[in-house]
file start-v8.csv (CSV, N, CA and C atoms and all ligand atoms)
chain,number,residue,atom,x,y,z
A,1,MET,N,0.8,-1.2,0.0
A,1,MET,CA,0.0,0.0,0.0
A,1,MET,C,0.9,1.2,0.0
A,2,LEU,N,0.5,2.2,-0.9
A,2,LEU,CA,1.3,3.4,-1.0
A,2,LEU,C,0.8,4.4,0.0
A,3,GLN,N,1.8,4.9,0.7
A,3,GLN,CA,1.4,5.9,1.7
A,3,GLN,C,2.0,7.3,1.3
A,4,LEU,N,1.2,8.2,1.3
A,4,LEU,CA,1.6,9.6,0.9
A,4,LEU,C,1.9,10.4,2.2
A,5,ASN,N,3.0,11.0,2.1
A,5,ASN,CA,3.4,11.9,3.2
A,5,ASN,C,3.0,13.3,2.8
A,6,VAL,N,1.8,13.7,3.0
A,6,VAL,CA,1.4,15.0,2.6
A,6,VAL,C,1.4,15.9,3.9
A,7,GLY,N,2.1,16.9,3.8
A,7,GLY,CA,2.1,17.8,5.0
A,7,GLY,C,1.9,19.2,4.6
A,8,ILE,N,1.4,19.9,5.5
A,8,ILE,CA,1.2,21.4,5.2
A,8,ILE,C,2.4,22.1,5.8
A,9,SER,N,3.1,22.8,5.0
A,9,SER,CA,4.2,23.6,5.6
A,9,SER,C,3.9,25.1,5.3
A,10,ARG,N,4.3,25.9,6.2
A,10,ARG,CA,4.2,27.3,6.1
A,10,ARG,C,5.5,28.0,6.1
A,11,TRP,N,5.6,29.0,5.3
A,11,TRP,CA,6.8,29.8,5.3
A,11,TRP,C,6.7,30.8,6.4
A,12,GLN,N,7.2,30.5,7.5
A,12,GLN,CA,6.9,31.2,8.7
A,12,GLN,C,7.5,32.7,8.6
A,13,SER,N,8.6,32.8,8.0
A,13,SER,CA,9.2,34.2,7.9
A,13,SER,C,9.0,34.8,6.5
A,14,MET,N,7.9,34.5,5.8
A,14,MET,CA,7.7,35.0,4.5
A,14,MET,C,7.7,36.5,4.5
A,15,TYR,N,6.9,37.1,5.3
A,15,TYR,CA,6.8,38.6,5.3
A,15,TYR,C,8.1,39.3,5.5
A,16,PRO,N,8.8,39.0,6.6
A,16,PRO,CA,10.1,39.6,6.8
A,16,PRO,C,11.1,39.3,5.7
A,17,ASP,N,11.0,38.1,5.2
A,17,ASP,CA,12.0,37.8,4.1
A,17,ASP,C,11.7,38.6,2.8
A,18,VAL,N,10.4,38.7,2.5
A,18,VAL,CA,10.0,39.5,1.3
A,18,VAL,C,10.4,41.0,1.6
A,19,GLN,N,10.1,41.4,2.8
A,19,GLN,CA,10.4,42.8,3.1
A,19,GLN,C,11.9,43.1,3.0
A,20,SER,N,12.7,42.2,3.5
A,20,SER,CA,14.2,42.5,3.5
A,20,SER,C,14.7,42.3,2.1
A,21,TYR,N,14.1,41.4,1.3
A,21,TYR,CA,14.5,41.2,-0.1
A,21,TYR,C,14.2,42.5,-0.9
A,22,SER,N,13.0,43.0,-0.7
A,22,SER,CA,12.6,44.1,-1.5
A,22,SER,C,13.3,45.4,-1.1
A,23,LYS,N,13.8,45.4,0.1
A,23,LYS,CA,14.6,46.6,0.6
A,23,LYS,C,15.9,46.6,-0.1
A,24,THR,N,16.4,45.4,-0.4
A,24,THR,CA,17.8,45.4,-1.0
A,24,THR,C,17.7,45.2,-2.5
A,25,CYS,N,16.5,45.1,-3.1
A,25,CYS,CA,16.4,44.9,-4.5
A,25,CYS,C,16.6,46.3,-5.2
A,26,ASP,N,17.5,46.4,-6.1
A,26,ASP,CA,17.8,47.7,-6.7
A,26,ASP,C,16.6,48.2,-7.6
A,27,VAL,N,16.0,47.2,-8.3
A,27,VAL,CA,14.9,47.6,-9.2
A,27,VAL,C,13.7,48.1,-8.4
A,28,CYS,N,13.4,47.3,-7.3
A,28,CYS,CA,12.3,47.8,-6.4
A,28,CYS,C,12.5,49.1,-5.9
A,29,GLN,N,13.7,49.4,-5.4
A,29,GLN,CA,14.0,50.7,-4.8
A,29,GLN,C,13.9,51.8,-5.8
A,30,ARG,N,14.3,51.6,-7.1
A,30,ARG,CA,14.2,52.6,-8.1
A,30,ARG,C,12.8,52.9,-8.6
A,31,SER,N,11.9,51.8,-8.6
A,31,SER,CA,10.6,52.0,-9.1
A,31,SER,C,9.6,52.3,-8.0
A,32,LYS,N,10.0,52.4,-6.8
A,32,LYS,CA,9.1,52.6,-5.7
A,32,LYS,C,8.6,54.1,-5.7
A,33,ILE,N,7.4,54.3,-5.5
A,33,ILE,CA,6.8,55.6,-5.4
A,33,ILE,C,6.9,56.0,-3.9
A,34,ASN,N,7.5,57.2,-3.7
A,34,ASN,CA,7.5,57.6,-2.3
A,34,ASN,C,6.3,58.4,-1.9
A,35,TYR,N,5.4,57.8,-1.1
A,35,TYR,CA,4.2,58.5,-0.7
A,35,TYR,C,4.4,59.4,0.5
A,36,LYS,N,5.5,59.3,1.1
A,36,LYS,CA,5.7,60.1,2.2
A,36,LYS,C,6.0,61.6,1.7
A,37,LYS,N,5.3,62.5,2.3
A,37,LYS,CA,5.5,63.9,1.9
A,37,LYS,C,6.7,64.3,2.6
A,38,SER,N,7.6,65.0,1.9
A,38,SER,CA,8.8,65.6,2.6
A,38,SER,C,8.3,66.8,3.4
A,39,MET,N,8.5,66.7,4.7
A,39,MET,CA,8.0,67.7,5.6
A,39,MET,C,9.1,68.6,5.9
A,40,LEU,N,8.8,69.9,5.8
A,40,LEU,CA,9.8,70.9,6.2
A,40,LEU,C,9.6,71.1,7.7
A,41,PRO,N,10.6,71.5,8.4
A,41,PRO,CA,10.4,71.8,9.8
A,41,PRO,C,9.5,73.0,10.0
A,42,LEU,N,8.5,72.9,10.9
A,42,LEU,CA,7.6,74.0,11.2
A,42,LEU,C,8.2,75.0,12.1
A,43,ASN,N,8.1,76.2,11.6
A,43,ASN,CA,8.6,77.3,12.4
A,43,ASN,C,7.4,78.2,12.8
A,44,PRO,N,7.1,78.3,14.1
A,44,PRO,CA,5.9,79.0,14.4
A,44,PRO,C,5.9,80.5,14.0
A,45,LEU,N,4.8,81.0,13.6
A,45,LEU,CA,4.8,82.4,13.1
A,45,LEU,C,4.8,83.3,14.4
A,46,PRO,N,5.3,84.4,14.3
A,46,PRO,CA,5.3,85.3,15.4
A,46,PRO,C,3.9,85.8,15.7
A,47,VAL,N,3.6,85.9,17.0
A,47,VAL,CA,2.3,86.4,17.4
A,47,VAL,C,2.3,87.9,17.5
A,48,ALA,N,1.3,88.5,16.8
A,48,ALA,CA,1.3,89.9,16.8
A,48,ALA,C,0.6,90.4,18.0
A,49,SER,N,1.0,91.5,18.6
A,49,SER,CA,0.4,92.1,19.8
A,49,SER,C,-0.3,93.4,19.5
A,50,ARG,N,-0.2,93.9,18.3
A,50,ARG,CA,-1.0,95.1,17.9
A,50,ARG,C,-1.3,95.0,16.5
A,51,PRO,N,-2.3,95.8,16.0
A,51,PRO,CA,-2.7,95.8,14.6
A,51,PRO,C,-1.6,96.2,13.7
A,52,PHE,N,-1.5,95.5,12.6
A,52,PHE,CA,-0.5,95.7,11.5
A,52,PHE,C,0.9,95.7,12.0
A,53,GLN,N,1.2,94.9,13.0
A,53,GLN,CA,2.5,94.6,13.4
A,53,GLN,C,3.1,93.5,12.5
A,54,ALA,N,2.2,92.6,12.1
A,54,ALA,CA,2.6,91.6,11.2
A,54,ALA,C,1.5,91.4,10.2
A,55,ILE,N,1.8,91.3,8.9
A,55,ILE,CA,0.8,91.0,7.9
A,55,ILE,C,1.2,89.8,7.1
A,56,HIS,N,0.2,89.2,6.5
A,56,HIS,CA,0.4,88.0,5.6
A,56,HIS,C,-0.1,88.4,4.2
A,57,ILE,N,0.8,88.1,3.3
A,57,ILE,CA,0.4,88.5,1.9
A,57,ILE,C,0.4,87.2,1.1
A,58,ASP,N,-0.7,87.1,0.3
A,58,ASP,CA,-0.8,86.0,-0.7
A,58,ASP,C,-1.6,86.4,-1.9
A,59,ASP,N,-1.6,85.6,-2.9
A,59,ASP,CA,-2.3,86.0,-4.1
A,59,ASP,C,-3.3,84.9,-4.4
A,60,LYS,N,-4.3,85.3,-5.2
A,60,LYS,CA,-5.2,84.4,-5.7
A,60,LYS,C,-5.4,84.7,-7.2
A,61,THR,N,-5.0,83.8,-8.1
A,61,THR,CA,-5.2,84.0,-9.5
A,61,THR,C,-6.7,83.8,-9.9
A,62,LEU,N,-7.2,84.8,-10.6
A,62,LEU,CA,-8.6,84.7,-11.0
A,62,LEU,C,-8.8,83.7,-12.2
A,63,PRO,N,-9.9,83.1,-12.3
A,63,PRO,CA,-10.1,82.1,-13.4
A,63,PRO,C,-10.0,82.7,-14.7
A,64,ARG,N,-10.4,84.0,-14.9
A,64,ARG,CA,-10.2,84.7,-16.2
A,64,ARG,C,-9.9,86.2,-15.9
A,65,THR,N,-9.4,86.8,-16.8
A,65,THR,CA,-9.0,88.2,-16.7
A,65,THR,C,-10.3,89.1,-16.8
A,66,THR,N,-10.4,90.1,-15.9
A,66,THR,CA,-11.6,90.9,-15.9
A,66,THR,C,-11.5,91.9,-17.0
A,67,LYS,N,-12.6,92.7,-17.2
A,67,LYS,CA,-12.7,93.7,-18.3
A,67,LYS,C,-11.6,94.8,-18.0
A,68,GLN,N,-11.3,95.0,-16.7
A,68,GLN,CA,-10.4,96.0,-16.4
A,68,GLN,C,-8.9,95.5,-16.5
A,69,GLY,N,-8.8,94.3,-16.9
A,69,GLY,CA,-7.4,93.7,-17.0
A,69,GLY,C,-6.8,93.1,-15.8
A,70,HIS,N,-7.6,92.9,-14.8
A,70,HIS,CA,-7.1,92.3,-13.5
A,70,HIS,C,-7.1,90.8,-13.7
A,71,CYS,N,-6.0,90.1,-13.4
A,71,CYS,CA,-5.9,88.7,-13.5
A,71,CYS,C,-5.8,88.0,-12.1
A,72,ALA,N,-5.6,88.8,-11.1
A,72,ALA,CA,-5.4,88.2,-9.8
A,72,ALA,C,-5.8,89.1,-8.7
A,73,LEU,N,-5.9,88.6,-7.5
A,73,LEU,CA,-6.1,89.4,-6.3
A,73,LEU,C,-4.9,89.3,-5.4
A,74,LEU,N,-4.5,90.4,-4.9
A,74,LEU,CA,-3.4,90.5,-3.9
A,74,LEU,C,-4.1,90.6,-2.5
A,75,CYS,N,-3.9,89.7,-1.6
A,75,CYS,CA,-4.5,89.7,-0.3
A,75,CYS,C,-3.5,90.0,0.8
A,76,CYS,N,-3.8,91.0,1.5
A,76,CYS,CA,-2.9,91.3,2.7
A,76,CYS,C,-3.8,91.2,3.9
A,77,ILE,N,-3.4,90.4,4.9
A,77,ILE,CA,-4.3,90.2,6.0
A,77,ILE,C,-3.5,90.5,7.3
A,78,ASP,N,-4.1,91.3,8.1
A,78,ASP,CA,-3.4,91.7,9.4
A,78,ASP,C,-3.4,90.5,10.3
A,79,ALA,N,-2.3,90.2,10.9
A,79,ALA,CA,-2.2,89.0,11.7
A,79,ALA,C,-2.9,89.2,13.0
A,80,PHE,N,-3.0,90.4,13.5
A,80,PHE,CA,-3.6,90.7,14.8
A,80,PHE,C,-5.1,90.6,14.7
A,81,SER,N,-5.7,91.4,13.8
A,81,SER,CA,-7.2,91.6,13.7
A,81,SER,C,-7.8,90.7,12.6
A,82,LYS,N,-7.0,90.1,11.8
A,82,LYS,CA,-7.5,89.4,10.6
A,82,LYS,C,-8.2,90.3,9.6
A,83,PHE,N,-7.9,91.6,9.7
A,83,PHE,CA,-8.5,92.6,8.7
A,83,PHE,C,-7.9,92.4,7.3
A,84,PRO,N,-8.7,92.1,6.3
A,84,PRO,CA,-8.2,91.9,5.0
A,84,PRO,C,-8.2,93.1,4.1
A,85,ILE,N,-7.1,93.2,3.3
A,85,ILE,CA,-7.1,94.2,2.3
A,85,ILE,C,-6.9,93.5,1.0
A,86,VAL,N,-7.9,93.5,0.1
A,86,VAL,CA,-7.8,92.7,-1.1
A,86,VAL,C,-7.8,93.7,-2.3
A,87,THR,N,-6.8,93.6,-3.1
A,87,THR,CA,-6.7,94.5,-4.2
A,87,THR,C,-6.6,93.7,-5.5
A,88,PRO,N,-7.4,94.0,-6.5
A,88,PRO,CA,-7.2,93.4,-7.8
A,88,PRO,C,-6.0,93.9,-8.5
A,89,VAL,N,-5.2,93.0,-9.1
A,89,VAL,CA,-4.0,93.5,-9.8
A,89,VAL,C,-4.0,92.9,-11.2
A,90,SER,N,-3.2,93.6,-12.1
A,90,SER,CA,-3.1,93.2,-13.5
A,90,SER,C,-1.9,92.2,-13.7
A,91,ASP,N,-1.0,92.2,-12.7
A,91,ASP,CA,0.0,91.2,-12.8
A,91,ASP,C,0.5,90.9,-11.3
A,92,LEU,N,1.2,89.9,-11.1
A,92,LEU,CA,1.7,89.5,-9.8
A,92,LEU,C,3.2,89.6,-9.7
A,93,SER,N,3.7,90.6,-10.4
A,93,SER,CA,5.2,90.8,-10.3
A,93,SER,C,5.5,91.4,-8.9
A,94,ALA,N,6.8,91.3,-8.6
A,94,ALA,CA,7.2,91.8,-7.3
A,94,ALA,C,7.1,93.3,-7.2
A,95,VAL,N,7.3,94.0,-8.3
A,95,VAL,CA,7.2,95.4,-8.4
A,95,VAL,C,5.7,95.9,-8.1
A,96,THR,N,4.8,95.2,-8.8
A,96,THR,CA,3.4,95.5,-8.6
A,96,THR,C,2.9,95.2,-7.2
A,97,SER,N,3.4,94.1,-6.6
A,97,SER,CA,3.0,93.7,-5.3
A,97,SER,C,3.6,94.7,-4.3
A,98,ALA,N,4.8,95.2,-4.5
A,98,ALA,CA,5.4,96.2,-3.6
A,98,ALA,C,4.6,97.5,-3.7
A,99,LYS,N,4.2,97.9,-4.9
A,99,LYS,CA,3.5,99.2,-5.1
A,99,LYS,C,2.1,99.1,-4.4
A,100,ILE,N,1.4,98.0,-4.5
A,100,ILE,CA,0.1,97.8,-3.9
A,100,ILE,C,0.3,97.8,-2.3
A,101,LEU,N,1.3,97.1,-1.9
A,101,LEU,CA,1.6,97.0,-0.5
A,101,LEU,C,1.9,98.4,0.1
A,102,THR,N,2.7,99.2,-0.6
A,102,THR,CA,3.0,100.5,-0.2
A,102,THR,C,1.8,101.4,-0.2
A,103,ARG,N,1.0,101.3,-1.2
A,103,ARG,CA,-0.2,102.2,-1.4
A,103,ARG,C,-1.3,101.9,-0.4
A,104,ASP,N,-1.6,100.6,-0.3
A,104,ASP,CA,-2.8,100.1,0.4
A,104,ASP,C,-2.6,99.7,1.9
A,105,VAL,N,-1.3,99.5,2.2
A,105,VAL,CA,-1.1,99.0,3.6
A,105,VAL,C,-0.1,99.9,4.3
A,106,ILE,N,1.1,100.1,3.8
A,106,ILE,CA,2.1,100.9,4.5
A,106,ILE,C,1.7,102.3,4.7
A,107,SER,N,1.1,102.9,3.6
A,107,SER,CA,0.8,104.4,3.7
A,107,SER,C,-0.4,104.6,4.7
A,108,LEU,N,-1.2,103.6,4.9
A,108,LEU,CA,-2.4,103.7,5.8
A,108,LEU,C,-2.1,103.3,7.3
A,109,PHE,N,-1.3,102.2,7.4
A,109,PHE,CA,-1.2,101.6,8.7
A,109,PHE,C,0.3,101.5,9.2
A,110,GLY,N,1.2,102.0,8.4
A,110,GLY,CA,2.6,102.0,8.8
A,110,GLY,C,3.3,100.8,8.4
A,111,VAL,N,4.6,100.8,8.6
A,111,VAL,CA,5.5,99.7,8.1
A,111,VAL,C,5.3,98.5,9.1
A,112,PRO,N,4.9,97.3,8.7
A,112,PRO,CA,4.8,96.2,9.6
A,112,PRO,C,6.2,95.7,10.0
A,113,GLU,N,6.3,95.1,11.2
A,113,GLU,CA,7.6,94.5,11.6
A,113,GLU,C,7.8,93.2,10.8
A,114,VAL,N,6.7,92.5,10.6
A,114,VAL,CA,6.9,91.2,9.9
A,114,VAL,C,5.9,91.1,8.7
A,115,ILE,N,6.5,90.7,7.6
A,115,ILE,CA,5.6,90.4,6.4
A,115,ILE,C,5.8,88.9,6.1
A,116,VAL,N,4.8,88.2,6.1
A,116,VAL,CA,4.8,86.8,5.8
A,116,VAL,C,4.2,86.6,4.4
A,117,ILE,N,5.1,86.2,3.5
A,117,ILE,CA,4.6,86.0,2.1
A,117,ILE,C,4.2,84.6,1.9
A,118,GLY,N,3.0,84.3,1.3
A,118,GLY,CA,2.5,83.0,1.2
A,118,GLY,C,3.3,82.1,0.2
A,119,ASP,N,3.5,82.7,-1.0
A,119,ASP,CA,4.1,81.9,-2.0
A,119,ASP,C,5.0,82.7,-2.9
A,120,LEU,N,6.3,82.6,-2.7
A,120,LEU,CA,7.2,83.4,-3.4
A,120,LEU,C,7.3,83.0,-4.9
A,121,VAL,N,6.9,81.8,-5.2
A,121,VAL,CA,6.9,81.4,-6.6
A,121,VAL,C,5.9,82.2,-7.4
A,122,SER,N,4.9,82.6,-6.8
A,122,SER,CA,3.8,83.2,-7.5
A,122,SER,C,4.1,84.7,-7.9
A,123,LEU,N,5.2,85.2,-7.4
A,123,LEU,CA,5.5,86.6,-7.7
A,123,LEU,C,6.1,86.7,-9.2
A,124,VAL,N,5.2,86.4,-10.1
A,124,VAL,CA,5.6,86.5,-11.5
A,124,VAL,C,4.4,87.1,-12.3
A,125,PRO,N,4.7,87.6,-13.5
A,125,PRO,CA,3.6,88.1,-14.3
A,125,PRO,C,2.5,87.0,-14.6
A,126,CYS,N,1.3,87.4,-14.7
A,126,CYS,CA,0.2,86.5,-15.0
A,126,CYS,C,0.5,86.0,-16.4
A,127,SER,N,0.4,84.7,-16.6
A,127,SER,CA,0.7,84.2,-18.0
A,127,SER,C,-0.4,83.2,-18.5
A,128,ARG,N,-1.3,82.9,-17.6
A,128,ARG,CA,-2.3,81.9,-18.0
A,128,ARG,C,-3.4,82.5,-18.8
A,129,ASN,N,-3.6,83.8,-18.7
A,129,ASN,CA,-4.7,84.4,-19.4
A,129,ASN,C,-4.3,85.2,-20.7
A,201,ZN,ZN,12.7,43.8,-6.8
call {"tool": "encode", "arguments": {"input": "start-v8.csv", "output": "structure tokens", "more": "lines below"}}
Ligand SMILES: [Zn+2]
result
Amino acid sequence: MLQLNVGISRWQSMYPDVQSYSKTCDVCQRSKINYKKSMLPLNPLPVASRPFQAIHIDDKTLPRTTKQGHCALLCCIDAFSKFPIVTPVSDLSAVTSAKILTRDVISLFGVPEVIVIGDLVSLVPCSRN
């Protein structure tokens, strides 16, 4: 009579083995998508103790250019009171932003000690419209 030795075997360390193999595999390492966002260290913003001691500046590009030629909004917000000053602009260049800041903020409320700029990359002429 034929007797079969059939046994069930498990690869006990399959998960760590696959993990260690894939960590050392050059192809896997090169094709792997890094889902971890690179986090910059957070630096807390200074807390304002009086109005217009610190302002935050950012821009919002409009979906289309207005009849007046404005393609974006320049937003200045007081850090103390959250008072917004929103000005439509025809371009987001550094010169235009500085002129608007001087005319609408500094001439009315004085020079702020801190200016936090939201996105330096956006200080370019509007080109989408
Ligand atoms: Zn691999």
call {"tool": "atom_distance", "arguments": {"input": "start-v8.csv", "atom1": "CA of Pro112 in chain A", "atom2": "CA of Ala54 in chain A"}}
result
5.3 Å
call {"tool": "residues_around", "arguments": {"input": "start-v8.csv", "residues": "Phe80 in chain A", "least_positions_apart": "4", "cutoff": "6 Å", "atoms": "only C-alpha atoms", "output": "number ranges by chain"}}
result
A: 48, 50-51
call {"tool": "residues_near_ligand", "arguments": {"input": "start-v8.csv", "ligand": "ligand ZN 201 (chain A)", "cutoff": "6.5 Å", "atoms": "all atoms listed in the file", "output": "VMD selection string"}}
result
chain A and resid 21 to 22 25 to 29
call {"tool": "residues_near_point", "arguments": {"input": "start-v8.csv", "point": "(-5.6, 90.2, -1.1)", "cutoff": "12 Å", "atoms": "only C-alpha atoms", "output": "MDAnalysis selection string"}}
result
chainID A and resid 55:62 72:78 82:89 92 97 100:101 104:105 117:118
call {"tool": "select_by_dssp", "arguments": {"input": "start-v8.csv", "residues": "range 16-89 of chain A", "states": "helix (DSSP H, G or I)", "output": "ChimeraX atom specification"}}
result
/A:16-24,26-31
call {"tool": "write_last_selection", "arguments": {"input": "start-v8.csv", "atoms": "N, CA and C atoms", "output": "PDB file, in the frame of the given file"}}
result
ATOM      1  N   PRO A  16       8.800  39.000   6.600  1.00  0.00           N
ATOM      2  CA  PRO A  16      10.100  39.600   6.800  1.00  0.00           C
ATOM      3  C   PRO A  16      11.100  39.300   5.700  1.00  0.00           C
ATOM      4  N   ASP A  17      11.000  38.100   5.200  1.00  0.00           N
ATOM      5  CA  ASP A  17      12.000  37.800   4.100  1.00  0.00           C
ATOM      6  C   ASP A  17      11.700  38.600   2.800  1.00  0.00           C
ATOM      7  N   VAL A  18      10.400  38.700   2.500  1.00  0.00           N
ATOM      8  CA  VAL A  18      10.000  39.500   1.300  1.00  0.00           C
ATOM      9  C   VAL A  18      10.400  41.000   1.600  1.00  0.00           C
ATOM     10  N   GLN A  19      10.100  41.400   2.800  1.00  0.00           N
ATOM     11  CA  GLN A  19      10.400  42.800   3.100  1.00  0.00           C
ATOM     12  C   GLN A  19      11.900  43.100   3.000  1.00  0.00           C
ATOM     13  N   SER A  20      12.700  42.200   3.500  1.00  0.00           N
ATOM     14  CA  SER A  20      14.200  42.500   3.500  1.00  0.00           C
ATOM     15  C   SER A  20      14.700  42.300   2.100  1.00  0.00           C
ATOM     16  N   TYR A  21      14.100  41.400   1.300  1.00  0.00           N
ATOM     17  CA  TYR A  21      14.500  41.200  -0.100  1.00  0.00           C
ATOM     18  C   TYR A  21      14.200  42.500  -0.900  1.00  0.00           C
ATOM     19  N   SER A  22      13.000  43.000  -0.700  1.00  0.00           N
ATOM     20  CA  SER A  22      12.600  44.100  -1.500  1.00  0.00           C
ATOM     21  C   SER A  22      13.300  45.400  -1.100  1.00  0.00           C
ATOM     22  N   LYS A  23      13.800  45.400   0.100  1.00  0.00           N
ATOM     23  CA  LYS A  23      14.600  46.600   0.600  1.00  0.00           C
ATOM     24  C   LYS A  23      15.900  46.600  -0.100  1.00  0.00           C
ATOM     25  N   THR A  24      16.400  45.400  -0.400  1.00  0.00           N
ATOM     26  CA  THR A  24      17.800  45.400  -1.000  1.00  0.00           C
ATOM     27  C   THR A  24      17.700  45.200  -2.500  1.00  0.00           C
ATOM     28  N   ASP A  26      17.500  46.400  -6.100  1.00  0.00           N
ATOM     29  CA  ASP A  26      17.800  47.700  -6.700  1.00  0.00           C
ATOM     30  C   ASP A  26      16.600  48.200  -7.600  1.00  0.00           C
ATOM     31  N   VAL A  27      16.000  47.200  -8.300  1.00  0.00           N
ATOM     32  CA  VAL A  27      14.900  47.600  -9.200  1.00  0.00           C
ATOM     33  C   VAL A  27      13.700  48.100  -8.400  1.00  0.00           C
ATOM     34  N   CYS A  28      13.400  47.300  -7.300  1.00  0.00           N
ATOM     35  CA  CYS A  28      12.300  47.800  -6.400  1.00  0.00           C
ATOM     36  C   CYS A  28      12.500  49.100  -5.900  1.00  0.00           C
ATOM     37  N   GLN A  29      13.700  49.400  -5.400  1.00  0.00           N
ATOM     38  CA  GLN A  29      14.000  50.700  -4.800  1.00  0.00           C
ATOM     39  C   GLN A  29      13.900  51.800  -5.800  1.00  0.00           C
ATOM     40  N   ARG A  30      14.300  51.600  -7.100  1.00  0.00           N
ATOM     41  CA  ARG A  30      14.200  52.600  -8.100  1.00  0.00           C
ATOM     42  C   ARG A  30      12.800  52.900  -8.600  1.00  0.00           C
ATOM     43  N   SER A  31      11.900  51.800  -8.600  1.00  0.00           N
ATOM     44  CA  SER A  31      10.600  52.000  -9.100  1.00  0.00           C
ATOM     45  C   SER A  31       9.600  52.300  -8.000  1.00  0.00           C
TER      46      SER A  31
END
call {"tool": "atom_distance", "arguments": {"input": "start-v8.csv", "atom1": "CA of Arg64 in chain A", "atom2": "CA of Asp91 in chain A"}}
result
12.6 Å
call {"tool": "atom_distance", "arguments": {"input": "start-v8.csv", "atom1": "CA of Phe109 in chain A", "atom2": "CA of Ser49 in chain A"}}
result
14.7 Å
